[in-house]
Amino acid sequence: MKKIRDLSKLTRAQFLLSLFASILSLTGFRRRRRGQNSMPEAKRPVIRPPGALPENEFVQRCIRCGNCMKVCITNVLQPTLLESGWQGVWTPYLSNKIAYCEYKCTLCGQVCPTGAIKKLREEEKTKTKIGTAHVHKRRCLVWEYGTECLVCEEHCPVSKKAIKTEKITLANGKTILAPVVDKDLCIGCGICENKCPASPLKAIEVVPQ
């Protein structure tokens, strides 16, 4: 069963949050129209869809329609609650615990009615960086336990492999292949994090760009 929030069955609290987010969105839109939006650019608190505008403009332009989430073929796009602050309530973000961003999919930008998510061609999408993967060595089956595992490298869709392998020598003298991230090639699609077998905490994690 897919782990996705049913947008048609909102709790009272979720409804109020959604309503409040819509009011904030409209307020931000009016401020932009009046030329009063002079806030410094915010950092990404969460991983946004590929093609998303800079954070401040994105949360103001997004009308929380849910179209991007409805067409997402892996269900990785989910609505934020307070992960991106009050102004970002109910805006879409990537939850790699649930799924990952399909490498060549461009649907979210095609259905966005306000341009909060830009339309991308397939060749643009595969080069659009939305985050960067990091290996937590103390959680990794290879680095910490000396167990052979290259799941993240095998699933990486980047043609030149953003996750590579290197030989390391463990304390017991054993030589084994371990995963390392090429940050210049990684686009942050999240499939490595989603497929990582480490539990309960993943050994590889994608952080916002």
# chains A, B, ... in the order shown; residues from 1 in each chain; ligands from 1

call {"tool": "closest_atom_pairs", "arguments": {"of": "region 33-91 of chain A", "to": "region 172-194 of chain A", "cutoff": "12 Å", "atoms": "only C-alpha atoms", "output": "tab-separated table"}}
result
residue	atom	partner	partner_atom	distance
A:Val46	CA	A:Gly188	CA	11.8
A:Ile47	CA	A:Gly188	CA	8.6
A:Arg48	CA	A:Gly188	CA	10.3
A:Pro49	CA	A:Cys189	CA	9.6
A:Pro50	CA	A:Cys189	CA	9.0
A:Thr74	CA	A:Ile191	CA	10.7
A:Val76	CA	A:Gly190	CA	9.3
A:Leu77	CA	A:Cys189	CA	11.7

call {"tool": "residues_around", "arguments": {"residues": "Asn67 (chain A)", "least_positions_apart": "4", "cutoff": "8 Å", "atoms": "only C-alpha atoms", "output": "list of chain:residue names"}}
result
A:Val71, A:Cys108, A:Val111, A:Cys112

call {"tool": "residues_around", "arguments": {"residues": "region 200-202 of chain A", "least_positions_apart": "4", "cutoff": "9 Å", "atoms": "only C-alpha atoms", "output": "list in words"}}
result
Val135, His136, Arg139, Cys140, Glu193, Asn194, Lys195 and Cys196 of chain A

call {"tool": "atom_distance", "arguments": {"atom1": "CA of Asn56 (chain A)", "atom2": "CA of Glu41 (chain A)"}}
result
6.1 Å
